[in-house]
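Containing mmCIF, C-alpha atoms (C1' of nucleotides): my_file29.cif.
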```cif
data_final
#
loop_
_atom_site.label_atom_id
_atom_site.label_comp_id
_atom_site.auth_asym_id
_atom_site.auth_seq_id
_atom_site.Cartn_x
_atom_site.Cartn_y
_atom_site.Cartn_z
CA MET A 1 82.10 32.78 139.70
CA PRO A 2 82.65 36.14 141.34
CA GLU A 3 81.84 36.10 145.05
CA LEU A 4 83.15 38.40 147.77
CA PRO A 5 86.87 37.47 147.40
CA GLU A 6 86.79 37.76 143.62
CA VAL A 7 84.92 41.08 143.65
CA GLU A 8 87.26 42.37 146.36
CA THR A 9 90.28 41.43 144.22
CA VAL A 10 88.92 43.23 141.16
CA ALA A 11 87.95 46.30 143.19
CA ALA A 12 91.36 46.48 144.87
CA ASP A 13 93.14 46.09 141.53
CA LEU A 14 91.06 48.80 139.87
CA ARG A 15 91.02 51.32 142.73
CA PRO A 16 94.47 52.96 142.21
CA HIS A 17 93.86 53.17 138.46
CA LEU A 18 90.29 54.48 138.45
CA VAL A 19 90.20 56.91 141.37
CA ARG A 20 90.55 60.53 140.17
CA ARG A 21 90.03 59.45 136.54
CA VAL A 22 87.36 61.08 134.40
CA ILE A 23 85.10 58.92 132.21
CA GLU A 24 85.39 60.78 128.90
CA ARG A 25 83.33 58.39 126.86
CA CYS A 26 81.04 55.44 127.44
CA GLU A 27 80.00 52.98 124.76
CA VAL A 28 77.27 50.48 125.55
CA ARG A 29 77.49 47.69 123.00
CA HIS A 30 74.81 45.49 124.52
CA PRO A 31 72.10 47.65 126.11
CA ALA A 32 70.56 44.74 128.05
CA VAL A 33 73.41 44.77 130.57
CA VAL A 34 72.37 48.27 131.66
CA ARG A 35 69.57 47.66 134.16
CA HIS A 36 69.07 51.21 135.37
CA PRO A 37 68.25 53.77 134.15
CA GLU A 38 67.60 53.47 130.39
CA PRO A 39 70.87 52.99 128.49
CA VAL A 40 70.85 56.50 126.99
CA LEU A 41 70.43 58.04 130.42
CA PHE A 42 73.08 55.72 131.79
CA VAL A 43 75.61 56.87 129.19
CA ASN A 44 74.71 60.54 129.69
CA GLY A 45 74.94 60.07 133.44
CA VAL A 46 78.43 58.65 133.60
CA THR A 47 80.03 60.62 130.77
CA GLY A 48 82.26 63.44 131.97
CA ARG A 49 82.10 62.30 135.59
CA ARG A 50 85.15 61.88 137.78
CA ILE A 51 85.51 58.76 139.92
CA GLU A 52 86.22 59.91 143.48
CA ARG A 53 86.20 56.60 145.33
CA LEU A 54 85.84 52.92 144.50
CA THR A 55 84.38 50.53 147.08
CA ARG A 56 82.89 47.07 147.35
CA ARG A 57 79.66 46.09 149.09
CA GLY A 58 78.76 42.40 148.99
CA LYS A 59 79.27 41.39 145.37
CA TYR A 60 78.76 44.94 144.09
CA ILE A 61 81.51 47.29 142.90
CA LEU A 62 80.62 50.92 143.56
CA CYS A 63 82.28 53.80 141.71
CA HIS A 64 81.44 56.98 143.64
CA LEU A 65 81.22 59.81 141.12
CA ASP A 66 81.81 63.52 141.70
CA THR A 67 78.06 64.13 141.41
CA ALA A 68 77.32 61.93 144.45
CA GLU A 69 75.91 59.38 142.07
CA LEU A 70 77.15 55.82 141.72
CA LEU A 71 78.28 53.71 138.80
CA VAL A 72 77.53 50.22 140.03
CA VAL A 73 78.80 46.96 138.57
CA HIS A 74 77.62 43.47 139.52
CA LEU A 75 79.58 40.71 137.78
CA GLY A 76 76.87 38.06 138.06
CA MET A 77 78.22 34.67 136.99
CA THR A 78 80.67 35.46 134.23
CA GLY A 79 81.22 39.21 134.40
CA GLN A 80 84.69 40.67 134.00
CA LEU A 81 85.92 44.23 134.52
CA ARG A 82 89.24 44.76 132.84
CA TYR A 83 91.57 47.76 132.81
CA VAL A 84 93.27 47.80 129.40
CA GLN A 85 94.99 50.04 126.88
CA PRO A 86 92.78 50.96 123.91
CA ASP A 87 94.84 48.86 121.51
CA ALA A 88 94.08 45.67 123.47
CA PRO A 89 92.12 43.16 121.35
CA LEU A 90 88.38 43.48 121.76
CA LEU A 91 87.19 40.21 123.29
CA THR A 92 83.84 38.64 122.47
CA HIS A 93 80.98 39.51 124.85
CA THR A 94 82.44 42.93 125.65
CA HIS A 95 79.24 44.85 126.43
CA ALA A 96 80.46 48.24 127.64
CA ILE A 97 83.61 50.32 127.30
CA PHE A 98 84.49 53.29 129.50
CA SER A 99 87.25 55.49 128.05
CA LEU A 100 89.26 57.33 130.67
CA ASP A 101 91.10 60.64 130.62
CA ASN A 102 94.49 58.91 130.85
CA GLY A 103 93.86 57.03 127.60
CA ALA A 104 93.13 53.69 129.26
CA GLU A 105 89.82 51.84 129.05
CA LEU A 106 87.65 49.98 131.52
CA ARG A 107 85.87 47.17 129.69
CA TYR A 108 82.91 45.19 130.94
CA ARG A 109 82.66 41.67 129.52
CA ASP A 110 80.03 39.10 130.46
CA ILE A 111 79.40 35.85 128.60
CA ARG A 112 76.12 34.83 130.26
CA ARG A 113 74.96 38.38 130.94
CA PHE A 114 73.80 37.66 134.47
CA GLY A 115 75.74 40.73 135.53
CA ARG A 116 74.47 44.29 135.47
CA LEU A 117 75.44 47.94 135.24
CA LEU A 118 73.59 50.59 137.23
CA PHE A 119 73.76 54.36 137.59
CA GLY A 120 72.11 56.68 140.08
CA THR A 121 72.25 57.90 143.64
CA GLU A 122 72.14 55.20 146.27
CA ALA A 123 68.69 56.42 147.29
CA ASP A 124 67.49 56.20 143.67
CA LEU A 125 68.79 52.69 143.23
CA VAL A 126 67.37 51.42 146.49
CA ALA A 127 63.99 53.02 145.75
CA ALA A 128 64.00 51.49 142.26
CA ARG A 129 64.80 48.12 143.88
CA LYS A 130 68.01 47.82 141.90
CA LEU A 131 70.23 47.81 144.97
CA PRO A 132 68.87 45.36 147.53
CA ARG A 133 69.26 45.68 151.28
CA LEU A 134 72.36 43.66 152.05
CA GLY A 135 73.35 41.93 155.24
CA PRO A 136 76.61 42.69 157.05
CA GLU A 137 80.04 42.20 155.54
CA PRO A 138 81.27 38.88 156.91
CA ILE A 139 84.93 39.96 156.86
CA ASP A 140 84.21 43.12 158.84
CA PRO A 141 85.79 42.75 162.30
CA GLU A 142 82.54 44.14 163.72
CA PHE A 143 80.67 41.10 162.40
CA LYS A 144 80.51 38.71 165.35
CA ALA A 145 79.24 35.17 165.82
CA ARG A 146 76.40 36.71 167.80
CA ASP A 147 75.29 38.69 164.74
CA LEU A 148 75.19 35.52 162.66
CA GLN A 149 73.23 33.71 165.36
CA ASP A 150 70.68 36.54 165.52
CA ARG A 151 70.16 36.33 161.77
CA LEU A 152 69.70 32.55 161.72
CA ARG A 153 67.42 32.40 164.76
CA GLY A 154 64.01 30.91 164.10
CA ARG A 155 64.77 30.12 160.48
CA ARG A 156 63.82 26.66 159.25
CA ALA A 157 65.51 26.86 155.86
CA PRO A 158 68.75 24.88 155.37
CA VAL A 159 71.73 26.84 156.66
CA LYS A 160 73.34 26.64 153.22
CA ALA A 161 70.35 28.40 151.64
CA LEU A 162 70.61 31.23 154.17
CA LEU A 163 74.34 31.69 153.61
CA LEU A 164 73.49 32.35 149.98
CA ASP A 165 70.82 34.91 150.97
CA GLN A 166 72.50 38.29 150.52
CA SER A 167 70.22 39.91 153.11
CA ILE A 168 71.55 37.53 155.79
CA VAL A 169 75.25 37.96 154.98
CA ALA A 170 76.59 39.88 151.97
CA GLY A 171 78.94 38.39 149.42
CA VAL A 172 78.74 34.64 149.98
CA GLY A 173 78.03 32.45 146.95
CA ASN A 174 78.05 28.75 146.25
CA ILE A 175 81.80 28.21 146.46
CA TYR A 176 82.45 29.89 149.80
CA ALA A 177 79.19 28.63 151.32
CA ASP A 178 80.25 25.01 150.78
CA GLU A 179 83.82 25.70 151.84
CA SER A 180 82.72 27.44 155.04
CA LEU A 181 80.28 24.70 156.01
CA PHE A 182 82.97 22.06 155.54
CA ARG A 183 85.50 23.99 157.62
CA ALA A 184 82.84 24.45 160.31
CA ARG A 185 81.88 20.74 160.15
CA VAL A 186 78.22 21.74 159.73
CA ARG A 187 75.84 19.79 157.51
CA PRO A 188 74.51 22.16 154.79
CA ASP A 189 70.95 20.84 155.09
CA ARG A 190 70.64 21.51 158.82
CA ALA A 191 67.82 23.90 159.72
CA ALA A 192 69.63 27.19 160.31
CA GLY A 193 67.76 28.11 163.48
CA GLU A 194 68.56 24.79 165.10
CA LEU A 195 72.34 25.09 165.00
CA SER A 196 73.98 24.93 168.41
CA ARG A 197 75.83 27.97 169.69
CA PRO A 198 79.23 26.25 169.16
CA ALA A 199 78.23 25.34 165.61
CA VAL A 200 77.32 28.97 164.84
CA ILE A 201 80.65 30.11 166.27
CA ARG A 202 82.51 27.59 164.12
CA LEU A 203 80.51 28.69 161.07
CA HIS A 204 81.23 32.37 161.75
CA ASP A 205 84.95 31.69 162.07
CA ALA A 206 84.96 29.42 159.00
CA LEU A 207 83.16 32.01 156.88
CA ARG A 208 85.77 34.63 157.68
CA GLU A 209 88.64 32.19 157.20
CA SER A 210 87.34 30.94 153.84
CA LEU A 211 86.71 34.42 152.49
CA LEU A 212 89.99 35.91 153.73
CA THR A 213 91.93 32.95 152.32
CA GLY A 214 90.12 33.47 149.03
CA ILE A 215 91.18 37.12 149.00
CA ARG A 216 94.80 36.21 149.82
CA ASN A 217 94.77 33.85 146.83
CA ARG A 218 93.17 36.48 144.55
CA GLY A 219 89.94 34.52 144.11
CA SER A 220 88.76 31.21 142.67
CA SER A 221 88.92 30.84 138.89
CA VAL A 222 86.64 27.83 138.56
CA ASP A 223 84.66 29.25 135.66
CA ASP A 224 85.42 32.44 133.77
CA TYR A 225 86.65 34.56 136.64
CA VAL A 226 89.73 36.68 136.02
CA ASP A 227 91.04 39.80 137.76
CA ALA A 228 91.29 43.31 136.32
CA TRP A 229 94.37 42.22 134.34
CA GLY A 230 92.76 39.11 132.89
CA GLU A 231 94.70 36.81 135.24
CA LYS A 232 93.23 33.84 137.06
CA GLY A 233 93.22 33.49 140.83
CA ARG A 234 94.78 30.62 142.76
CA GLN A 235 92.05 29.71 145.24
CA GLN A 236 90.52 27.04 142.97
CA GLU A 237 93.60 24.94 143.74
CA GLU A 238 92.90 25.19 147.47
CA LEU A 239 89.20 24.32 147.49
CA LEU A 240 88.34 21.58 149.97
CA VAL A 241 84.90 20.50 148.72
CA TYR A 242 83.50 22.77 145.97
CA GLY A 243 83.68 20.97 142.62
CA ARG A 244 85.07 17.82 144.26
CA ALA A 245 81.94 15.63 144.44
CA GLY A 246 82.91 11.96 144.53
CA GLU A 247 86.52 12.73 145.36
CA PRO A 248 87.90 11.79 148.78
CA CYS A 249 87.33 14.11 151.72
CA VAL A 250 90.63 15.77 152.63
CA ASN A 251 89.88 14.98 156.26
CA CYS A 252 88.53 11.40 156.35
CA GLY A 253 88.96 10.07 152.82
CA ARG A 254 85.30 9.20 152.33
CA PRO A 255 83.87 10.24 148.92
CA LEU A 256 82.24 13.67 149.06
CA SER A 257 78.47 13.78 148.55
CA LEU A 258 76.57 15.92 146.04
CA VAL A 259 73.03 17.13 146.77
CA ARG A 260 70.84 20.07 145.77
CA ILE A 261 69.99 22.64 148.41
CA GLY A 262 68.17 25.85 147.65
CA GLY A 263 68.39 24.96 143.97
CA ARG A 264 72.19 24.88 144.14
CA SER A 265 74.56 21.96 143.86
CA THR A 266 76.09 21.34 147.25
CA VAL A 267 79.15 19.24 148.04
CA PHE A 268 79.86 18.03 151.58
CA CYS A 269 81.24 15.16 153.63
CA ARG A 270 78.58 13.03 155.35
CA ARG A 271 81.06 11.87 157.94
CA CYS A 272 82.80 15.13 158.83
CA GLN A 273 79.80 17.46 158.62
CA ARG A 274 76.98 16.87 161.10
"C1'" DT B 275 57.32 36.79 156.50
"C1'" DT B 276 59.30 32.78 154.76
"C1'" DA B 277 60.56 29.21 151.52
"C1'" DA B 278 60.66 27.15 147.19
"C1'" DA B 279 60.31 27.36 142.26
"C1'" DT B 280 61.07 29.84 137.96
"C1'" DT B 281 63.49 32.77 134.88
"C1'" DC B 282 67.32 34.85 132.52
"C1'" DC B 283 71.85 33.36 129.41
"C1'" DT B 284 75.77 30.83 126.91
"C1'" DG B 285 79.64 27.69 126.97
"C1'" DT B 286 80.80 23.12 127.91
"C1'" DA B 287 80.40 18.31 128.15
"C1'" DA B 288 77.89 14.10 127.79
"C1'" DG B 289 75.21 10.97 125.01
"C1'" DC B 290 73.69 9.08 120.75
"C1'" DT C 291 81.41 14.54 113.10
"C1'" DG C 292 77.28 16.70 114.32
"C1'" DC C 293 73.27 17.09 116.71
"C1'" DT C 294 70.47 17.37 121.09
"C1'" DT C 295 70.25 17.79 125.92
"C1'" DA C 296 71.61 18.72 130.61
"C1'" DC C 297 74.07 21.54 133.56
"C1'" DA C 298 76.44 25.46 135.82
"C1'" DG C 299 74.33 29.60 139.06
"C1'" DG C 300 73.22 35.21 141.26
"C1'" DA C 301 69.39 37.32 142.10
"C1'" DA C 302 64.91 39.23 140.59
"C1'" DT C 303 60.46 37.59 140.28
"C1'" DT C 304 56.62 34.59 141.05
"C1'" DT C 305 53.98 31.26 143.62
"C1'" DA C 306 52.46 28.94 147.72
#
```

Transcribe the structure of this file into structure tokens.
Amino acid sequence: MPELPEVETVAADLRPHLVRRVIERCEVRHPAVVRHPEPVLFVNGVTGRRIERLTRRGKYILCHLDTAELLVVHLGMTGQLRYVQPDAPLLTHTHAIFSLDNGAELRYRDIRRFGRLLFGTEADLVAARKLPRLGPEPIDPEFKARDLQDRLRGRRAPVKALLLDQSIVAGVGNIYADESLFRARVRPDRAAGELSRPAVIRLHDALRESLLTGIRNRGSSVDDYVDAWGEKGRQQEELLVYGRAGEPCVNCGRPLSLVRIGGRSTVFCRRCQR
DNA sequence: TTAAATTCCTGTAAGC
DNA sequence: TGCTTACAGGAATTTA
């Protein structure tokens, strides 16, 4: 599923093709994917606008329009944003099509429809509670172990649950949470506020390493994830624990355990992670 | 404020 | 083969 590395890959792929393009037409085929404002206003809002910049924040893709408004895309679980020529076959579950002034199309496809499309100024979207307050970007060089420690201090929830909380750190989902905890040798069910200083430092470093490796490998295609060209990433072949319950730990050989934490399946090694 | 549970949604796989 | 059921999970929402 799309987490920070996957969203970063899509955003980086799209950026050179979308910046300075004008959205000449927008067709919403499944109105439910437009979460703000009403679909008619959404279409009117984006039509005729020029995309000036394209950025990523957490798992959100932000198209900065010439009106100072944003076209926001969140891919949810199975969302795909593809840059195609208009004669490309229309895939099932294609919910929105943006026609560009160079003849190409940006198509939004989402099987489970957990994703969303938004339009408005950042202030609008925050006020309407459509854009949540996000924690720092974990791959930002300014994000230090100390910042992570400050955010975990006093918290009794399992550290895994807090890694998934987008207001603690932005962009981490189930795959990279498990991978980071394994690399850091931290048990996912440990109370976050009780981690030792060295453990928090290891977790900080492991988070960055896991996410940056994921970006280098163009994301994990464990489910439906593909990049802007419809191609799978390679990171799923490098995963150390995610999706490997019962298989031997790459470090000690003991079978990996599967538990539920924060309502999410969690894979870890009982021997290596303490 | 925090933490846990519930809800949305469809494809896939397991079980009978 | 065909049916039912469980499961996957990001994040908004609800409940405690």

Please compute the CA of Leu100 in chain A-CA of Thr47 in chain A distance, one decimal, in Å.
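Separation between CA of Leu100 in chain A and CA of Thr47 in chain A: 9.8 Å.
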
Can you build me a table of chain C residues sitting at most 10 Å from chain A, with the closest atom pair per residue and its distance in Å to one decimal, using all atoms listed in the file, sorted by chain and residue number, as a Markdown table?
```
| residue | atom | partner | partner_atom | distance |
| --- | --- | --- | --- | --- |
| C:DA298 | C1' | A:Ser265 | CA | 9.0 |
| C:DG299 | C1' | A:Met77 | CA | 6.7 |
| C:DG300 | C1' | A:Gly76 | CA | 5.6 |
| C:DA301 | C1' | A:Gly76 | CA | 8.5 |
| C:DA302 | C1' | A:Lys130 | CA | 9.2 |
```

Could the residues of chain A that have an atom at most 9 Å from chain B be listed as CSV, each with its closest atom pair and the distance in Å to one decimal, counting only C-alpha atoms (C1' of nucleotides) and ordered by chain and ascending residue number?
```
residue,atom,partner,partner_atom,distance
A:Ile111,CA,B:DT284,C1',6.4
A:Arg112,CA,B:DC283,C1',4.6
A:Arg113,CA,B:DC283,C1',6.1
A:Phe114,CA,B:DC283,C1',6.9
A:Arg155,CA,B:DT276,C1',8.3
A:Arg156,CA,B:DA277,C1',8.8
A:Ala157,CA,B:DA277,C1',7.0
A:Gly262,CA,B:DA278,C1',7.6
A:Gly263,CA,B:DA279,C1',8.6
```

Just-selected residues, C-alpha atoms written as a CSV table (one decimal), keeping the file's coordinate frame:
```
chain,number,residue,atom,x,y,z
A,111,ILE,CA,79.4,35.8,128.6
A,112,ARG,CA,76.1,34.8,130.3
A,113,ARG,CA,75.0,38.4,130.9
A,114,PHE,CA,73.8,37.7,134.5
A,155,ARG,CA,64.8,30.1,160.5
A,156,ARG,CA,63.8,26.7,159.2
A,157,ALA,CA,65.5,26.9,155.9
A,262,GLY,CA,68.2,25.8,147.6
A,263,GLY,CA,68.4,25.0,144.0
```

List the spatial neighbours of Asp205 in chain A as a ChimeraX atom specification - criterion: any atom at most 9 Å away, only C-alpha atoms (C1' of nucleotides), same-chain residues fewer than 4 positions off excluded.
/A:144-145,180,183-184,200-201,209-210

Report, in Å to a single decimal, how far apart CA of Glu122 in chain A and CA of Tyr108 in chain A are.
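Here the two named atoms are 21.2 Å from each other.
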
Using CA of Glu8 in chain A and CA of Cys269 in chain A as the two end points, give the distance in Å to one decimal.
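According to the coordinates, CA of Glu8 in chain A and CA of Cys269 in chain A are separated by 28.8 Å.
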
Give, as JSON, the centre coordinates and the x, y and z edge lengths in Å to one decimal for an axis-aligned box around all listed atoms of range 292-303 of chain C, padded by 8 Å on each side.
```
{"center_x": 68.9, "center_y": 28.0, "center_z": 128.2, "size_x": 32.8, "size_y": 38.5, "size_z": 43.8}
```

Where does the PyMOL selection byres ((chain A and resi 256) around 12) land in this file, that is, which residues does it pick, as a compact mmCIF listing (two decimals) with C-alpha atoms, in the coordinates of the input?
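To be explicit, this is the file written out as result28.txt:
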```txt
# COMPACT_ATOMS: atom_id res chain seq x y z
CA ASP A 178 80.25 25.01 150.78
CA PHE A 182 82.97 22.06 155.54
CA LEU A 240 88.34 21.58 149.97
CA VAL A 241 84.90 20.50 148.72
CA TYR A 242 83.50 22.77 145.97
CA GLY A 243 83.68 20.97 142.62
CA ARG A 244 85.07 17.82 144.26
CA ALA A 245 81.94 15.63 144.44
CA GLY A 246 82.91 11.96 144.53
CA GLU A 247 86.52 12.73 145.36
CA PRO A 248 87.90 11.79 148.78
CA CYS A 249 87.33 14.11 151.72
CA VAL A 250 90.63 15.77 152.63
CA ASN A 251 89.88 14.98 156.26
CA CYS A 252 88.53 11.40 156.35
CA GLY A 253 88.96 10.07 152.82
CA ARG A 254 85.30 9.20 152.33
CA PRO A 255 83.87 10.24 148.92
CA SER A 257 78.47 13.78 148.55
CA LEU A 258 76.57 15.92 146.04
CA VAL A 259 73.03 17.13 146.77
CA THR A 266 76.09 21.34 147.25
CA VAL A 267 79.15 19.24 148.04
CA PHE A 268 79.86 18.03 151.58
CA CYS A 269 81.24 15.16 153.63
CA ARG A 270 78.58 13.03 155.35
CA ARG A 271 81.06 11.87 157.94
CA CYS A 272 82.80 15.13 158.83
CA GLN A 273 79.80 17.46 158.62
```

In the coordinate frame of the file, compute which residues have an atom within 12 Å of (69.7, 46.6, 144.0) when using only C-alpha atoms (C1' of nucleotides), and state them as a PyMOL selection string.
(chain A and resi 35-36+57-62+72-74+115-134+166-167) or (chain C and resi 301-302)

I need the residue set behind the PyMOL selection byres ((chain A and resi 168) around 12) for this file; please write it as a VMD selection string.
chain A and resid 58 132 to 138 143 147 to 153 155 159 to 167 169 to 172 192
